[in-house]
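Each remark here refers to the structure printed beneath this line.
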Amino acid sequence: MAFDSNIEDFDALGNDHIGTSENTPMRSDAFKLNNEEKIDIIKDDVRHIMETLGLDLTDDSLKGTPNRVAKMFVNEIFGGLNPDKKPSASTFDNKYKYGEMLVEKNITVYSTCEHHLLPIVGRAHIAYISNGTVVGLSKMNRIVDYFAKRPQVQERLTIQVVRELQNVLGTKDVACVIDAKHLCVNSRGIRDIESSTVTSEFGGKFQDMETRREFLDYIKLDTKF
């Protein structure tokens with residue numbers, strides 16, 4: 001009975017989309033197996049799930065699905081769990097003495113809800129104020145992509161992006177806003193296809209209301225080419 005009660009508590013936690021840690025929960029032996037070994041194990045698990053659902057895996061359309069899903073999990077949508085894939089974010093001296101806010105907006109976010117393993121799709125907007133160093137623009141996109149490619153909650157993803165850029169740039173003056181749709185809300189449960197979730201993390205000078213407002217105003221700009 002106690003075990004059943006705990007399971008219900010865990011289900012409720014997931015339905016409310018509550019994260020438990022700023023860091024992605026990882027076991028100490030997470031990288032004991034190499035990628036190929038993980039793929040071999042996962043494809044058997046996927047096959048078991050599909051067979052349990054009653055699917056005929058001898059069908060030409062389905063027979064390759066367990067292997068495809070396993071490879072996708074390990075190499076693609078959960079590839080951000082592997083620290084070897086963490087993007088190197090070299091910094092450069094701010095020789096042109098640009099002292100204003102730099103904003104990279106509308107960064108595509110593809111992630112996966114850790115409660116139901118369904119997609120999170122949206123946009124991230126990042127800003128920082130240089131304290132003497134700058135980072136390549138594409139590196140900000142890569143940092144978002146790296147932390148998104150793992151089972152996530154949006155709040156944690158937002159914080160992780162800010163913390164990483166603060167470490168790279170050596171400044172607290174970093175901000176991130178993410179606006180995303182969660183298919184665990186849009187396609188199941190309440191099935192509200194219109195709603196999206198907005199999260200934010202403001203560090204350093206961005207905790208000042210005037211600086212924060214400037215950043216949010218930049219996000220609203222309609223960029224046309």
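Each chain in the structure tokens gets a letter, A, B and so on, in the order shown; residues start at 1 in every chain, and ligands are counted from 1 in the order they appear.
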
Excluding same-chain residues fewer than 4 positions from segment 212-219 of chain A, what lies within 10 Å of it counting only C-alpha atoms, as a PDB file with C-alpha atoms, in the first residue's frame?
```
ATOM      1  CA  MET A 101      23.294  44.489 -24.076  1.00  0.00           C
ATOM      2  CA  LEU A 102      23.724  41.751 -26.683  1.00  0.00           C
ATOM      3  CA  VAL A 103      20.570  39.776 -27.413  1.00  0.00           C
ATOM      4  CA  GLU A 104      20.230  36.512 -29.323  1.00  0.00           C
ATOM      5  CA  LYS A 105      16.524  35.854 -29.754  1.00  0.00           C
ATOM      6  CA  ASN A 106      14.287  33.215 -31.296  1.00  0.00           C
ATOM      7  CA  ALA A 124      14.743  30.832 -26.251  1.00  0.00           C
ATOM      8  CA  HIS A 125      15.900  34.436 -25.963  1.00  0.00           C
ATOM      9  CA  ILE A 126      19.292  35.153 -24.388  1.00  0.00           C
ATOM     10  CA  ALA A 127      21.073  38.364 -23.454  1.00  0.00           C
ATOM     11  CA  TYR A 128      24.312  39.312 -21.743  1.00  0.00           C
ATOM     12  CA  ALA A 175      19.376  36.534 -18.877  1.00  0.00           C
ATOM     13  CA  CYS A 176      17.233  33.935 -20.586  1.00  0.00           C
ATOM     14  CA  VAL A 177      13.529  33.696 -21.417  1.00  0.00           C
ATOM     15  CA  PHE A 202      17.717  37.046 -14.712  1.00  0.00           C
ATOM     16  CA  GLY A 203      21.237  37.388 -13.375  1.00  0.00           C
ATOM     17  CA  LYS A 205      22.260  43.666 -13.889  1.00  0.00           C
ATOM     18  CA  PHE A 206      19.197  42.000 -15.392  1.00  0.00           C
ATOM     19  CA  GLN A 207      17.645  41.928 -11.939  1.00  0.00           C
ATOM     20  CA  ASP A 208      17.338  45.699 -12.316  1.00  0.00           C
ATOM     21  CA  THR A 223      12.847  41.214 -37.115  1.00  0.00           C
TER      22      THR A 223
END
```

Which residues are near segment 89-97 of chain A? Cut-off 12 Å, only C-alpha atoms, ignore same chain within fewer than 5 positions. Put them as a PDB file with C-alpha atoms, in the first residue's frame.
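That gives us selection07.pdb:
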```pdb
ATOM      1  CA  ILE A 129      26.310  42.424 -20.965  1.00  0.00           C
ATOM      2  CA  SER A 130      30.025  41.991 -21.581  1.00  0.00           C
ATOM      3  CA  ASN A 131      32.489  42.616 -18.782  1.00  0.00           C
ATOM      4  CA  GLY A 132      35.410  42.435 -21.216  1.00  0.00           C
ATOM      5  CA  THR A 133      34.788  39.195 -23.106  1.00  0.00           C
ATOM      6  CA  VAL A 134      32.322  38.082 -25.764  1.00  0.00           C
ATOM      7  CA  VAL A 135      31.275  34.682 -27.064  1.00  0.00           C
ATOM      8  CA  GLY A 136      30.496  33.623 -30.635  1.00  0.00           C
ATOM      9  CA  LEU A 137      26.816  34.035 -31.475  1.00  0.00           C
ATOM     10  CA  SER A 138      26.354  30.444 -32.624  1.00  0.00           C
ATOM     11  CA  LYS A 139      27.750  29.197 -29.314  1.00  0.00           C
ATOM     12  CA  MET A 140      24.687  30.516 -27.518  1.00  0.00           C
ATOM     13  CA  ASN A 141      22.481  28.469 -29.838  1.00  0.00           C
ATOM     14  CA  ARG A 142      24.660  25.419 -29.242  1.00  0.00           C
ATOM     15  CA  ILE A 143      24.488  25.831 -25.463  1.00  0.00           C
ATOM     16  CA  VAL A 144      20.688  25.938 -25.607  1.00  0.00           C
ATOM     17  CA  TYR A 146      23.021  20.934 -25.578  1.00  0.00           C
ATOM     18  CA  GLU A 164      26.611  27.998 -18.350  1.00  0.00           C
ATOM     19  CA  LEU A 165      26.879  31.401 -20.026  1.00  0.00           C
ATOM     20  CA  GLN A 166      27.728  33.036 -16.709  1.00  0.00           C
ATOM     21  CA  ASN A 167      30.594  30.564 -16.326  1.00  0.00           C
ATOM     22  CA  VAL A 168      31.767  31.016 -19.922  1.00  0.00           C
ATOM     23  CA  LEU A 169      31.639  34.804 -19.881  1.00  0.00           C
ATOM     24  CA  GLY A 170      32.773  35.306 -16.294  1.00  0.00           C
TER      25      GLY A 170
END
```

Write out as a ChimeraX atom specification the residues lying within 9 Å of Val69 of chain A, counting only C-alpha atoms and excluding same-chain residues fewer than 6 positions away.
-> /A:39,42-43,46

Those same residues, written as an mmCIF file, in the first residue's frame with N, CA and C atoms?
```
data_model
loop_
_atom_site.group_PDB
_atom_site.id
_atom_site.type_symbol
_atom_site.label_atom_id
_atom_site.label_comp_id
_atom_site.auth_asym_id
_atom_site.auth_seq_id
_atom_site.Cartn_x
_atom_site.Cartn_y
_atom_site.Cartn_z
ATOM 1 N N ILE A 39 22.495 1.534 -26.881
ATOM 2 C CA ILE A 39 21.551 1.334 -27.981
ATOM 3 C C ILE A 39 21.050 -0.107 -28.007
ATOM 4 N N ILE A 42 18.529 -0.491 -25.099
ATOM 5 C CA ILE A 42 17.308 0.294 -25.272
ATOM 6 C C ILE A 42 16.434 -0.286 -26.377
ATOM 7 N N LYS A 43 17.045 -0.776 -27.466
ATOM 8 C CA LYS A 43 16.212 -1.303 -28.551
ATOM 9 C C LYS A 43 15.439 -2.543 -28.099
ATOM 10 N N VAL A 46 12.510 -1.125 -26.118
ATOM 11 C CA VAL A 46 11.486 -0.567 -27.011
ATOM 12 C C VAL A 46 10.708 -1.697 -27.679
#
```

Measuring between only C-alpha atoms, which one of A:Ser200, A:Phe31, A:Thr58, A:Tyr110 shows the shortest distance to Asp84 of chain A?
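Result for the nearest residue to Asp84 of chain A: A:Phe31.
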
Using the chain letters and numbers from this document, which residues of chain A does DSSP assign to strand (DSSP E or B), as a compact mmCIF listing (two decimals) with N, CA and C atoms, in the first residue's frame?
```
# COMPACT_ATOMS: atom_id res chain seq x y z
N THR A 91 35.84 32.29 -25.68
CA THR A 91 35.52 33.70 -25.56
C THR A 91 36.63 34.53 -26.21
N PHE A 92 36.28 35.78 -26.52
CA PHE A 92 37.21 36.69 -27.18
C PHE A 92 37.19 38.03 -26.46
N ASP A 93 38.31 38.73 -26.54
CA ASP A 93 38.34 40.06 -25.96
C ASP A 93 37.36 40.98 -26.67
N MET A 101 23.85 45.84 -24.12
CA MET A 101 23.29 44.49 -24.08
C MET A 101 23.39 43.82 -25.44
N LEU A 102 23.77 42.55 -25.46
CA LEU A 102 23.72 41.75 -26.68
C LEU A 102 22.62 40.72 -26.52
N VAL A 103 21.73 40.67 -27.50
CA VAL A 103 20.57 39.78 -27.41
C VAL A 103 20.58 38.81 -28.59
N GLU A 104 20.44 37.54 -28.31
CA GLU A 104 20.23 36.51 -29.32
C GLU A 104 18.83 35.96 -29.08
N LYS A 105 17.91 36.24 -30.00
CA LYS A 105 16.52 35.85 -29.75
C LYS A 105 16.05 34.81 -30.76
N ASN A 106 14.93 34.22 -30.43
CA ASN A 106 14.29 33.21 -31.30
C ASN A 106 15.18 32.02 -31.58
N ILE A 107 15.91 31.56 -30.57
CA ILE A 107 16.70 30.33 -30.69
C ILE A 107 15.74 29.15 -30.58
N THR A 108 15.78 28.27 -31.55
CA THR A 108 14.87 27.13 -31.55
C THR A 108 15.18 26.17 -30.40
N VAL A 109 14.15 25.78 -29.69
CA VAL A 109 14.27 24.82 -28.59
C VAL A 109 13.49 23.56 -28.95
N TYR A 110 14.19 22.44 -28.99
CA TYR A 110 13.58 21.12 -29.07
C TYR A 110 14.07 20.33 -27.87
N SER A 111 13.16 20.03 -26.96
CA SER A 111 13.54 19.27 -25.78
C SER A 111 12.49 18.20 -25.52
N THR A 112 12.63 17.50 -24.39
CA THR A 112 11.73 16.40 -24.06
C THR A 112 11.34 16.49 -22.59
N CYS A 113 10.05 16.50 -22.33
CA CYS A 113 9.56 16.55 -20.95
C CYS A 113 9.98 15.28 -20.21
N PRO A 119 7.55 15.81 -26.49
CA PRO A 119 8.34 16.97 -26.90
C PRO A 119 7.97 18.27 -26.20
N ILE A 120 8.99 19.11 -26.04
CA ILE A 120 8.86 20.52 -25.68
C ILE A 120 9.43 21.29 -26.86
N VAL A 121 8.63 22.19 -27.43
CA VAL A 121 9.04 22.92 -28.63
C VAL A 121 8.80 24.41 -28.41
N GLY A 122 9.82 25.22 -28.65
CA GLY A 122 9.63 26.65 -28.45
C GLY A 122 10.82 27.48 -28.88
N ARG A 123 10.95 28.64 -28.23
CA ARG A 123 12.01 29.59 -28.55
C ARG A 123 12.67 30.07 -27.27
N ALA A 124 13.99 30.25 -27.36
CA ALA A 124 14.74 30.83 -26.25
C ALA A 124 15.29 32.19 -26.68
N HIS A 125 15.35 33.10 -25.73
CA HIS A 125 15.90 34.44 -25.96
C HIS A 125 16.96 34.68 -24.88
N ILE A 126 18.16 35.01 -25.31
CA ILE A 126 19.29 35.15 -24.39
C ILE A 126 19.90 36.54 -24.52
N ALA A 127 20.36 37.09 -23.42
CA ALA A 127 21.07 38.36 -23.45
C ALA A 127 22.20 38.34 -22.43
N TYR A 128 23.25 39.10 -22.73
CA TYR A 128 24.31 39.31 -21.74
C TYR A 128 24.92 40.69 -21.95
N ILE A 129 25.57 41.17 -20.92
CA ILE A 129 26.31 42.42 -20.96
C ILE A 129 27.77 42.08 -20.70
N THR A 133 34.69 40.32 -22.17
CA THR A 133 34.79 39.19 -23.11
C THR A 133 33.45 39.00 -23.82
N VAL A 134 33.52 38.42 -25.01
CA VAL A 134 32.32 38.08 -25.76
C VAL A 134 32.44 36.64 -26.21
N VAL A 135 31.31 36.06 -26.59
CA VAL A 135 31.27 34.68 -27.06
C VAL A 135 30.64 34.66 -28.45
N PRO A 151 16.15 14.69 -21.06
CA PRO A 151 14.87 14.83 -20.36
C PRO A 151 14.91 16.08 -19.48
N GLN A 152 13.92 16.96 -19.62
CA GLN A 152 14.02 18.27 -19.01
C GLN A 152 12.71 18.71 -18.38
N VAL A 174 23.65 37.89 -17.22
CA VAL A 174 23.10 37.02 -18.27
C VAL A 174 21.62 36.81 -17.98
N ALA A 175 20.81 36.77 -19.04
CA ALA A 175 19.38 36.53 -18.88
C ALA A 175 18.89 35.58 -19.95
N CYS A 176 17.83 34.85 -19.62
CA CYS A 176 17.23 33.93 -20.59
C CYS A 176 15.73 33.87 -20.35
N VAL A 177 14.97 33.92 -21.44
CA VAL A 177 13.53 33.70 -21.42
C VAL A 177 13.22 32.60 -22.42
N ILE A 178 12.43 31.62 -22.02
CA ILE A 178 12.01 30.55 -22.92
C ILE A 178 10.49 30.51 -22.96
N ASP A 179 9.95 30.45 -24.18
CA ASP A 179 8.51 30.32 -24.41
C ASP A 179 8.30 29.05 -25.22
N ALA A 180 7.62 28.06 -24.64
CA ALA A 180 7.54 26.76 -25.31
C ALA A 180 6.20 26.09 -25.07
N LYS A 181 5.86 25.22 -26.02
CA LYS A 181 4.69 24.36 -25.88
C LYS A 181 5.13 22.99 -25.42
N HIS A 182 4.36 22.41 -24.50
CA HIS A 182 4.63 21.08 -23.96
C HIS A 182 3.56 20.13 -24.48
N THR A 197 4.23 27.80 -22.19
CA THR A 197 4.84 28.05 -20.89
C THR A 197 6.02 29.00 -21.07
N VAL A 198 6.07 30.04 -20.24
CA VAL A 198 7.16 31.01 -20.29
C VAL A 198 7.93 30.95 -18.99
N THR A 199 9.26 30.80 -19.09
CA THR A 199 10.13 30.80 -17.92
C THR A 199 11.24 31.82 -18.14
N SER A 200 11.80 32.30 -17.06
CA SER A 200 12.87 33.30 -17.16
C SER A 200 13.87 33.14 -16.03
N GLU A 201 15.08 33.57 -16.31
CA GLU A 201 16.13 33.63 -15.29
C GLU A 201 16.95 34.90 -15.57
N PHE A 202 17.02 35.78 -14.56
CA PHE A 202 17.72 37.05 -14.71
C PHE A 202 18.86 37.13 -13.72
```

For this session: Would you please extract all alpha helix (DSSP H) residues from segment 93-216 of chain A, as assigned by DSSP on the backbone, and give them as a PyMOL selection string?
Result: chain A and resi 137-148+154-169+183-186+209-216

Practice task
Within 12 Å of segment 47-55 of chain A, counting only C-alpha atoms, which residues show up once you throw out same-chain ones fewer than 3 positions away? Write them as a list in words, please.
Solution key: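 Counting only the stated atoms, we get Asp40, Ile41, Ile42, Lys43, Asp44, Thr58, Asp59, Asp60, Ser61, Leu62, Lys63, Gly64, Thr65, Pro66, Asn67, Arg68, Val69 and Ala70 of chain A.
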
Query - Atom-to-atom span, atom CA of Asn23 of chain A and atom CA of Arg156 of chain A, Å - result: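 So the two atoms, atom CA of Asn23 of chain A and atom CA of Arg156 of chain A, lie 7.2 Å apart.
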
Can you work out which one of A:Lys71, A:Arg27, A:Lys85, A:His115 has the shortest atom-to-atom distance to Cys184 of chain A, counting only C-alpha atoms?
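The closest residue to Cys184 of chain A is A:His115.
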
TODO: For atom CA of Met72 of chain A and atom CA of Lys32 of chain A, quote the distance in Å rounded to one decimal.
DONE: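 Value for the atom CA of Met72 of chain A-atom CA of Lys32 of chain A distance: 19.4 Å.
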